Amino acid sequence: MKVGHGQETEPSIEKDRRGRRMSLWRQLFGKREPTSREIAKKRLQLALTVDRTRISPQLLEMLKDEIIAVISKHLDIDADGVQVSLTQQRSEHRLVAEIPLANVPRRR
Amino acid sequence: MSATVITITSGKGGVGKTTTTANLGVALALAGKRVVAMDADIGLRNLDVVMGLENRIVYDLVDVVEGRCRLRQAMIRDKRLSELYLIPAAQTRDKTAVSPDDMVRVCDQLRSDFDYILVDSPAGIERGYQNAVAPADRIAIVTTPEVAAVRDADRIIGLLEAEGKDTPQLIINRFKPDMARRGDMLGTSDVIEILAIELIGIVPEDEAIIISTNKGVPAALDEKALAGQAFRNIARRIMGEDVPFMNLRDSSGLFSRLVSLIKQ
């Protein structure tokens with residue numbers, strides 16, 4: 001049974017050659033606005049991780065502050081850039097902390 | 001012969017549990033199986049109208065449980081399929097009129113005469129849901145590709161796991177392949193990845209469902225309806241056949257995007 005497959009044209013594809021090549025690049029690799037589908041998936045994953053693990057955004061905020069405090073004792077970090085988040089892939093849940101280092105000289 | 005009890009549930013309301021129950025009942029009966037469809041939504045009965053049997057109700061599930069009639073007297077034979085029966089819910093009572101033990105007892109009485117007993121669960125996670133799930137050998141969770149419905153489905157999966165029930169199977173209802181392809185709806189692959197349970201059916205959004213519900217003639221009886229075909233396929237999968245999914249799947253992966261670009 002075939003349902004309208006292949007009859008859709010991607011709205012983001014432009015007509016001229018250059019534009020088309022650009023959007024092909026963009027579509028495959030490049031950055032673009034996330035679709036509502038992607039937003040829905042992200043929001044769901046986050047909501048479900050909170051539901052399943054009972055880790056609230058408030059707890060994450062608290063963890064973040066404490067992580068910053070602990071690491072700052074030993075390293076110079078960019079506290080504003082620190083992100084603590086939960087991710088989910090299949091049934092695996094993961095707490096991810098991203099901690100940018102500050103003032104690293106380019107070369108010794 | 002001993003029937004398999006399959007409960008159709010969802011958590012969220014309005015995702016198509018009753019439509020699914022009616023259509024799977026019809027599809028299994030079309031395949032030659034002996035089927036009872038039971039409405040466990042006491043107080044808000046609907047399965048009777050979806051099956052077009054609302055004018056034939058004399059006794060209901062609560063009458064059986066409270067001993068006002070024999071089980072057979074509450075079973076309404078389908079107009080079109082002689083091996084399909086409905087046990088309607090009571091309209092004037094509430095969920096507490098039936099207990100989980102009552103449901104197990106009624107289903108056990110039916111088991112020897114049927115192949116499948118389908119139980120249409122009410123929305124929610126309270127008594128009505130618990131009644132519906134109590135007798136289940138298998139559970140089908142119906143969801144739509146929407147954030148709220150998927151979240152509630154996940155909650156149900158968690159509850160069933162905590163109760164030690166077998167892992168439920170998933171039916172994605174009201175899927176719009178074109179919208180998923182445009183990036184405007186969760187894709188079937190997204191929903192499966194998030195819920196991580198086995199998929200047994202994808203039912204496309206189809207106007208035939210609304211028309212068939214208007215008439216009280218389930219779409220599974222309509223040869224031409226796409227959703228009817230989807231329900232017949234699910235019935236065959238329930239019977240253990242390996243039926244490929246209809247070509248509704250959205251193409252959002254890298255490979256599919258390449259293919260669709262080349263095609264232009």
# chains A, B, ... in the order shown; residues from 1 in each chain; ligands from 1
call {"tool": "residues_around", "arguments": {"residues": "B:Ala136", "least_positions_apart": "3", "cutoff": "8 Å", "atoms": "only C-alpha atoms", "output": "list in words"}}
result
Thr4, Val5, Ile6, Thr7, Ala132, Val133 and Ile139 of chain B
call {"tool": "residues_around", "arguments": {"residues": "A:Leu59", "least_positions_apart": "3", "cutoff": "12 Å", "atoms": "only C-alpha atoms", "output": "ChimeraX atom specification"}}
result
/A:50,53-56,62-66,84-86,95
call {"tool": "select_by_dssp", "arguments": {"residues": "stretch 71-184 of chain B", "states": "helix (DSSP H, G or I)", "output": "count of residues only"}}
result
48
call {"tool": "closest_residue", "arguments": {"among": "B:Pro145, B:Pro168, B:Gly228, B:Gly216", "to": "B:Ile194", "atoms": "only C-alpha atoms"}}
result
B:Pro145
call {"tool": "atom_distance", "arguments": {"atom1": "atom CA of A:Pro57", "atom2": "atom CA of B:Ala196"}}
result
23.8 Å
call {"tool": "closest_atom_pairs", "arguments": {"of": "chain B", "to": "chain A", "cutoff": "7 Å", "atoms": "only C-alpha atoms", "output": "JSON lines"}}
result
{"residue": "B:Val147", "atom": "CA", "partner": "A:Leu44", "partner_atom": "CA", "distance": 6.0}
{"residue": "B:Arg151", "atom": "CA", "partner": "A:Leu48", "partner_atom": "CA", "distance": 6.6}
{"residue": "B:Arg182", "atom": "CA", "partner": "A:Glu10", "partner_atom": "CA", "distance": 6.9}
{"residue": "B:Gly183", "atom": "CA", "partner": "A:Arg37", "partner_atom": "CA", "distance": 5.0}
{"residue": "B:Asp184", "atom": "CA", "partner": "A:Arg37", "partner_atom": "CA", "distance": 5.0}
{"residue": "B:Met185", "atom": "CA", "partner": "A:Arg37", "partner_atom": "CA", "distance": 4.8}
{"residue": "B:Leu186", "atom": "CA", "partner": "A:Arg37", "partner_atom": "CA", "distance": 4.9}
{"residue": "B:Asp190", "atom": "CA", "partner": "A:Lys41", "partner_atom": "CA", "distance": 6.8}
{"residue": "B:Glu193", "atom": "CA", "partner": "A:Arg90", "partner_atom": "CA", "distance": 5.7}
{"residue": "B:Ile194", "atom": "CA", "partner": "A:Arg90", "partner_atom": "CA", "distance": 6.3}
{"residue": "B:Ala196", "atom": "CA", "partner": "A:Arg90", "partner_atom": "CA", "distance": 6.0}
{"residue": "B:Met246", "atom": "CA", "partner": "A:Met1", "partner_atom": "CA", "distance": 5.9}
{"residue": "B:Asn247", "atom": "CA", "partner": "A:Lys2", "partner_atom": "CA", "distance": 5.7}
{"residue": "B:Leu248", "atom": "CA", "partner": "A:Val3", "partner_atom": "CA", "distance": 6.2}
{"residue": "B:Leu254", "atom": "CA", "partner": "A:Leu28", "partner_atom": "CA", "distance": 6.9}
{"residue": "B:Ser260", "atom": "CA", "partner": "A:Gly6", "partner_atom": "CA", "distance": 6.5}
call {"tool": "closest_residue", "arguments": {"among": "B:Asp48, B:Glu54, B:Asp137, B:Glu207", "to": "B:Cys107", "atoms": "only C-alpha atoms"}}
result
B:Asp137
call {"tool": "atom_distance", "arguments": {"atom1": "atom CA of B:Asp101", "atom2": "atom CA of B:Ile76"}}
result
22.8 Å
call {"tool": "closest_residue", "arguments": {"among": "A:Glu33, A:Gln58, A:Leu46, A:Glu98", "to": "A:Ala79", "atoms": "only C-alpha atoms"}}
result
A:Glu98
call {"tool": "closest_residue", "arguments": {"among": "B:Val35, B:Ala3, B:Ala90, B:Leu47", "to": "B:Thr21", "atoms": "only C-alpha atoms"}}
result
B:Leu47
call {"tool": "select_by_dssp", "arguments": {"residues": "stretch 26-105 of chain A", "states": "strand (DSSP E)", "output": "PyMOL selection string"}}
result
chain A and resi 83-89+92-98
call {"tool": "residues_around", "arguments": {"residues": "B:Gly13", "least_positions_apart": "5", "cutoff": "8 Å", "atoms": "only C-alpha atoms", "output": "list in words"}}
result
Pro122, Ala123 and Gly124 of chain B
call {"tool": "residues_around", "arguments": {"residues": "B:Met51", "least_positions_apart": "6", "cutoff": "9 Å", "atoms": "only C-alpha atoms", "output": "PyMOL selection string"}}
result
chain B and resi 19+22-23+26+78+86+213+215-218
call {"tool": "atom_distance", "arguments": {"atom1": "atom CA of B:Ile234", "atom2": "atom CA of B:Ala74"}}
result
27.5 Å
call {"tool": "residues_around", "arguments": {"residues": "B:Val150", "least_positions_apart": "3", "cutoff": "9 Å", "atoms": "only C-alpha atoms", "output": "PyMOL selection string"}}
result
(chain A and resi 44) or (chain B and resi 10+12+143-147+153-155+191+194-195)
call {"tool": "closest_residue", "arguments": {"among": "A:His93, A:Ser72, A:Pro100, A:Pro105", "to": "A:Thr49", "atoms": "only C-alpha atoms"}}
result
A:His93
